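Q: Dropping a structure here in structure tokens format, bear with me for questions.
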Protein chains: 4
Amino acid sequence: MCGIIGVYNNPEAATLAYMGLYAQQHRGQEGAGVISSDGTKLHRHMGQGLVSDVFSDSTIFESLPGHSSIGHVRYSTTGDSDPRNVGPLTFNVGDEYVSIAHNGNLVSLDQTRKDLQADGALFQTSTDTEIIIHLLAREKGNSIDKRLESALKKVQGAFSLLMITPNEVIAARDPHGIRPFCIGKLENTYILASETCALDLLGAEYVRDVNPGELIVINDDGMHSRQISPPTKSKHCIFEYIYFSRPDSQIFGNNVDKMRRKFGKVLSDEQPAKTADMVISVPDSSNTCALGYSQSSGIKHEIGLIRNHYVGRTFIFPTQFLRDLSVRLKFNTVKGVIENREVVVIDDSIVRGTTLKKLVKLLRSSGAKKVHVRISSPPVKHPCFYGMDFPTTEELVAGQHNVEEITEIIDADSLGYLSLDGTLESTHLEKDNFCTACFSGDYPIALKGDNGKAVFEG
Amino acid sequence: MCGIIGVYNNPEAATLAYMGLYAQQHRGQEGAGVISSDGTKLHRHMGQGLVSDVFSDSTIFESLPGHSSIGHVRYSTTGDSDPRNVGPLTFNVGDEYVSIAHNGNLVSLDQTRKDLQADGALFQTSTDTEIIIHLLAREKGNSIDKRLESALKKVQGAFSLLMITPNEVIAARDPHGIRPFCIGKLENTYILASETCALDLLGAEYVRDVNPGELIVINDDGMHSRQISPPTKSKHCIFEYIYFSRPDSQIFGNNVDKMRRKFGKVLSDEQPAKTADMVISVPDSSNTCALGYSQSSGIKHEIGLIRNHYVGRTFIFPTQFLRDLSVRLKFNTVKGVIENREVVVIDDSIVRGTTLKKLVKLLRSSGAKKVHVRISSPPVKHPCFYGMDFPTTEELVAGQHNVEEITEIIDADSLGYLSLDGTLESTHLEKDNFCTACFSGDYPIALKGDNGKAVFEG
Amino acid sequence: MCGIIGVYNNPEAATLAYMGLYAQQHRGQEGAGVISSDGTKLHRHMGQGLVSDVFSDSTIFESLPGHSSIGHVRYSTTGDSDPRNVGPLTFNVGDEYVSIAHNGNLVSLDQTRKDLQADGALFQTSTDTEIIIHLLAREKGNSIDKRLESALKKVQGAFSLLMITPNEVIAARDPHGIRPFCIGKLENTYILASETCALDLLGAEYVRDVNPGELIVINDDGMHSRQISPPTKSKHCIFEYIYFSRPDSQIFGNNVDKMRRKFGKVLSDEQPAKTADMVISVPDSSNTCALGYSQSSGIKHEIGLIRNHYVGRTFIFPTQFLRDLSVRLKFNTVKGVIENREVVVIDDSIVRGTTLKKLVKLLRSSGAKKVHVRISSPPVKHPCFYGMDFPTTEELVAGQHNVEEITEIIDADSLGYLSLDGTLESTHLEKDNFCTACFSGDYPIALKGDNGKAVFEG
Amino acid sequence: MCGIIGVYNNPEAATLAYMGLYAQQHRGQEGAGVISSDGTKLHRHMGQGLVSDVFSDSTIFESLPGHSSIGHVRYSTTGDSDPRNVGPLTFNVGDEYVSIAHNGNLVSLDQTRKDLQADGALFQTSTDTEIIIHLLAREKGNSIDKRLESALKKVQGAFSLLMITPNEVIAARDPHGIRPFCIGKLENTYILASETCALDLLGAEYVRDVNPGELIVINDDGMHSRQISPPTKSKHCIFEYIYFSRPDSQIFGNNVDKMRRKFGKVLSDEQPAKTADMVISVPDSSNTCALGYSQSSGIKHEIGLIRNHYVGRTFIFPTQFLRDLSVRLKFNTVKGVIENREVVVIDDSIVRGTTLKKLVKLLRSSGAKKVHVRISSPPVKHPCFYGMDFPTTEELVAGQHNVEEITEIIDADSLGYLSLDGTLESTHLEKDNFCTACFSGDYPIALKGDNGKAVFEG
């Protein structure tokens, strides 16, 4: 996954992009980059690591002059940590430099890539994003946005993307609107971002979402929009509500926080735990949901797990003894709260099941009498090809086991998932406006040549 | 402030110290270091920044062999970020290397330092810790622990300290027990730490606290204790309960979490806010306290402020526009929760008042109808000379203003502090077992030559 | 300019390439890189700076496994220090990785580049080398060497180039043989290098030069050669003899050292300085030439200028006082030798004239009675488009001034250049076997779109 | 060994010190540092590596304000590359900071160090320099220079030292004047340096040497000198003339270059090689000497060995094959010059004999008919305790073998050393004004507790 930000018409364009990346750091921690335009040339600064690692010195902004910018944070995936994959990617298209930042995954690109290579295309990266640029470079249009439009018609999948040239910022979103993408204004400055929390940080007013299938060009004549694909059903990623987006963002037309509280309430109805003494959350992603569960069920909400926010990447330790300890680097229990109590612990989802198994063990070792696990989403059984970093069906615990078996695997006293219906009914939209492929296996965009694992990532 | 950790008799001594520092990272983020002993020589690794910055590579542990270790995290204070001040400090005393890690501040050292310098002592650092070593080096004892004992009798103030030599780990605590200091065991391994959360992380069992005035030597013959100062009144730092220690630690004989919940309950009794729609906390330090306030008052607990945990040190931005934005880098509001509501916001203390002023403004801009600020401690009016990093009376907002004035300064609709009596009665100990100097101005250890600002820091 | 090295069939292939770059460091100090092949994949290590900076740690060679390798050192030119221009450049051509290292400049590429871009080619670098790869990628041949052959037929200029694929090392040289390029053997290992000093260092035996217009493929079946362009006149760069190559190399069929001694002898005949007390050289490039001048003229050879070999890049100092001093960072005079003497100082060439002007001033301030400057090459009046880093005609002092004026500019008592005839007659080859464009303006390869400044560089 | 520089009364004091270190880089390549004084405080910048590595950025000088400075380059010795040993060392003596830079070795300090430690002194480094500071700190004088005087009276050995305090620069030299030390002026600025080549670079006029046994204080009242030890015999290090100093320096009252030429002439008389075709030098230290030998003997001087000046520290390669090659990284022969010739090769000294052995082998492999080795100094048989980095007698080839044996070890056709008498008579001073301990074993300063290996180094 990734987060993106674009700024047009502001003397502090690069600094605003940097701040917008900070607000969206949760969308990608592998690398960060900002490209600015001074009207003639593009300038870039990027690197591996967190925004604060990459922008470690305020003098960096002196090397990023100009009134427009785009930025990108990238999520660590399968280990392909080639620094060349860190975005935004920059290319020389004809005489002009363009740079592109992309959130979402394109699909079924194997043949497209092969065709391009057979035609002499030299690839710099292993990203799907670069394919868009090669297609664009081969279009014979008279403007970058026209060429981008033609290129995008040749690809499928999820994309919320931003492109910058010396004179314009261009935005485009896939026809299904899979990933979030919003537009804001701060006086005369345009701000585009994955999530509204970036607009909030910049003090910008939310204007509207980029529409599915829309292409927007912002230049000195203002903002120009056109629909580049015919109207189709929205297929928003339900997992953005469940886990990925920040609770203070508004995406797909509603507050993430509000959705999560609702998930908690419905979960409490569907999966009660009447004998429990308290509800605790796995911080921080499940905090709001636990509040909802507590308010609906009347079971007391407590803080029983403490997360150590200083923990970044940790080492793979050489002995089992040390590896066991390293679990606790991230979470500790508040013994006084847990001891001799029957506890409901709320988490947003179960992927491999390993973390939850360790948490249950930790809670038991702190004296919990019983541990009831409640999950605010259905079982994740299928991989995602549109940007969410799930492993293969073989590695997904719910891809291989039923609820009873998972209860045993994680050693819980009981385990309850929110139903798919319950999940979808909690939202404000029609059920079929969401992509639920990871739960249902029903992929809204057909896959060719993709076999159970997303190859590229953006 | 600082956090310390000691390990004796474990083949992974350095790695355990590193993990113990991770658990105590909240006690100091300026620098970190670990010293190990292989029985003959000491080995060290230290640097500026977070534990994860300093120990960025697992091969570092290969350079820290041996079965015993001490570690230290240091808190950033007045700007004296001289890398030589990062501990543990290491010295050549005669033929032998010793290293020392210290939490707390010594006081009234001006004359001692002058006397030592007049006698030819060359200082490497500006820390008070080094004075202990110079005193020790001038003692004519036949063992390091005897010489340390004599040295400690010549200094006053707060100290929980650990010393390592090739063959032993030595611990000592000041007669008033101002800072926390605990002992644990993990099978045959001794662990000593500032807080029990470090024992928890290492899977060690809590044995007891190091007693005020106690000196402990751990070597191959086991653990040997002696009292090096006569029995006196404990003067534990009440601020460790209010803010500094981790909620999952047990210090001074009780759970920090339990104390904070109690503070919240008493605060709700003393400073009600009957018309409020909800209670929110300034995350994460006030979370438990807000729960207590909510449970006692019956006012609903909500999550209205989101903290961005990725934010480290931020730049001083060149324009006011950017400086205003940078406030929101750290906190954002959940608009849907706040809008049109009357809010009680709980914070643990007010020092300068600047952050709280910005938070109230942020809440108002998110549509809060009223903002009632409740503080789970009395007004901080006096500097701390025993280790807490408070500024001078002139810079403390409560040192210059009464509650009414502060309410106006931070632009709250109402402001209520927990009373000193309420604070102390919430604890399980006699009232006069705590140092309350920052609230009352009543300093338990007389100060000579210290004029309103702690000079040294450890 | 650049230096290149290739190794085939040696278990220490990467280390040998590294050593070969060390021997050729004088050909390029901006960056260095080595690519190795393990038979399946390519591995690379490269960076900006000297070979010793880039290969700072012997563990680097563990990341460069395999039995074949190529290496590249790159010369700093106009300031385009984009790290992406550091070679060898690596590309994904279809499914296969290829890497290329190139010495020399291609010319008249503006239209080729435009055509490629119009056809959708995306450029990664601003090097001419990359154009070869784009042309290659567009060829429909069944083997890399065939596609390279077709690509090279579409470009003009100077190239001694090495390409590596997982299974082979390919070498090619332009039809005029402008830059040096030699083949050696070390038992069963093939070594290819810009200069024979690299073969010497590796203990390899010199076999022969790569022929102008020849393409060589080395794989497990041995070395295969074919002529890819019809026989034409050689146009070796005479400046390689005058200045660029190392004196202990043998290039274009003769020893550099021997040529330089001859230049000195002829210079002494053409430009005597009968009243002089001694001959000194500007170390180290003119040492041999000064010996020749001394031996032919009978004037005593002395060491009057000392070069500080520790001086790397120096700063641009903020004041004129410091800038004046900085000249002496590089050279100092031996006063006792110079004082009250009439001195002949030998240098290889005059480009801008600034250094020589400062040296004359330095010699005078050390007490030289008279300073006679003798140059072992004709006046450099024209830029080089084939790889030598000369500035524009406007910046070349001999492009704007006659000998009399230059004498005055550098403040010499007399100035004498070696004639073009004298230069060419000193060699062992026909006069028209050399490119003399920088002296004569007679460019052997027609230039289109190149206007007085080489744009690309390899 | 080390090189030192001091500057008083110049707005560019730190930059001048940096340049003075550049000129003296040959005296120490392990580390470099500059301390400046702004009149109130000292500022420092130092690090490991070459001057150009440590001062890699011109903004460094902004952190070194003030009108006075001292600087230090340090030579790599036995492997004790503790960064804390890099000078100038800085100490807090009472309220005042002082910093010290020292060239030369103190001797017989074991007892002094033990006494100081017994008295409570804490050592920061393993340098002898620090002992001076501890002695100084224990003196009860009313000024730093008085306390330094008393301290220096308690130590023995070689020292040319510079000390800086906020208000003054102090210089002192041992009673025997073992290491060089000179004073220059640049208008109103005082410059003090190990060698005059530093004065030359700064455009300063040579005034005089610091006298043996002299202490100089430079402050706003000017330069004040006093003799702090009674007149005694000078014992200048003859090896500074033979090898260590730069040829363009003037030390001990004469030009180094002139001395070396004289050594070459006398060597040609004492050790002729009548059948030889040419004289070559091992560059660069023996260049002048080879000129002298050639001029005196009439045998032609040629350039037969080329040194690669880009070679810094090289790796210890894992295989013998690579280790053999690595010899040639530093030197290559000019085959055309050497082949079929009978060669005299001049070197300044033989220490272990390993390099010369490899050079003879290299010359033979390039076709030399005969190789006559001539050395411009007597056999080095004894270690130096006064600063020169020689190994123990066991490792010195002449400490274990006679000339005949060494001839065989290095595989020369003949070997001739300059006699001790010839060496001393070449100078302009009385023979007994030089320390010749490394040749004769006659140590001018008695050694106690030093057993065949210098322990400390400055």
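Letters A, B, ... go to the chains of the structure tokens in the order shown; residues in each chain start at 1; ligands are counted from 1 in the same order.
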Kindly provide, as a count of residues only, the residues of chain D having any atom no farther than 7 Å from an atom of chain B, counting only C-alpha atoms.

A: 14

Q: Write out as a PyMOL selection string which residues come within 6 Å of Asp347 of chain B when counting only C-alpha atoms, dropping same-chain ones fewer than 4 positions away.

A: chain B and resi 282+286+375

Q: Output N, CA and C atoms for every residue in the selection just made, as a PDB file, in the first residue's frame.

A:
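The file below, selection-v4.pdb, is the result:
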ATOM      1  N   VAL B 282      -5.909  13.222  26.463  1.00  0.00           N
ATOM      2  CA  VAL B 282      -4.773  13.551  25.610  1.00  0.00           C
ATOM      3  C   VAL B 282      -3.928  12.278  25.574  1.00  0.00           C
ATOM      4  N   SER B 286      -2.724  10.057  29.397  1.00  0.00           N
ATOM      5  CA  SER B 286      -3.905  10.298  30.224  1.00  0.00           C
ATOM      6  C   SER B 286      -5.042   9.323  29.968  1.00  0.00           C
ATOM      7  N   ILE B 375      -7.157  18.382  34.976  1.00  0.00           N
ATOM      8  CA  ILE B 375      -5.751  17.989  35.100  1.00  0.00           C
ATOM      9  C   ILE B 375      -5.602  17.060  36.298  1.00  0.00           C
TER      10      ILE B 375
END

Q: Name all residues at most 10 Å from Glu168 of chain A (count only C-alpha atoms; drop same-chain ones fewer than 6 positions away) and give them as an MDAnalysis selection string.

A: chainID A and resid 8:9 37 39 68:69 98 144:145 217:223

Q: Among the residues of segment 170-410 of chain B, find those DSSP assigns to alpha helix (DSSP H) from the backbone and print them as an MDAnalysis selection string.

A: chainID B and resid 196:202 238:239 256:270 287:297 320:330 335:338 354:365 397:400 403:409

Q: What's the 10 Å shell around segment 361-368 of chain A, counting only C-alpha atoms, without same-chain residues fewer than 5 positions away, as a count of residues only?

A: 24

Q: Just want the 6 Å neighbourhood of segment 253-266 of chain C, counted on only C-alpha atoms, with same-chain residues fewer than 6 positions away dropped. Output as number ranges by chain.

A: C: 241, 247, 288-289, 292-293, 296, 376, 426

Q: Go ahead and save the residues from that selection, with C-alpha atoms, as a PDB file, in the first residue's frame.

A:
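As a result, out_22.pdb now contains:
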ATOM      1  CA  TYR C 241      50.256   9.958 -25.359  1.00  0.00           C
ATOM      2  CA  PRO C 247      53.538   6.448 -18.486  1.00  0.00           C
ATOM      3  CA  THR C 288      59.474  11.890 -18.176  1.00  0.00           C
ATOM      4  CA  CYS C 289      59.240  14.709 -20.671  1.00  0.00           C
ATOM      5  CA  GLY C 292      64.022  13.980 -22.148  1.00  0.00           C
ATOM      6  CA  TYR C 293      64.438  17.739 -22.393  1.00  0.00           C
ATOM      7  CA  SER C 296      68.787  16.319 -25.046  1.00  0.00           C
ATOM      8  CA  SER C 376      55.212  19.235 -24.799  1.00  0.00           C
ATOM      9  CA  SER C 426      57.856  11.726 -32.469  1.00  0.00           C
TER      10      SER C 426
END
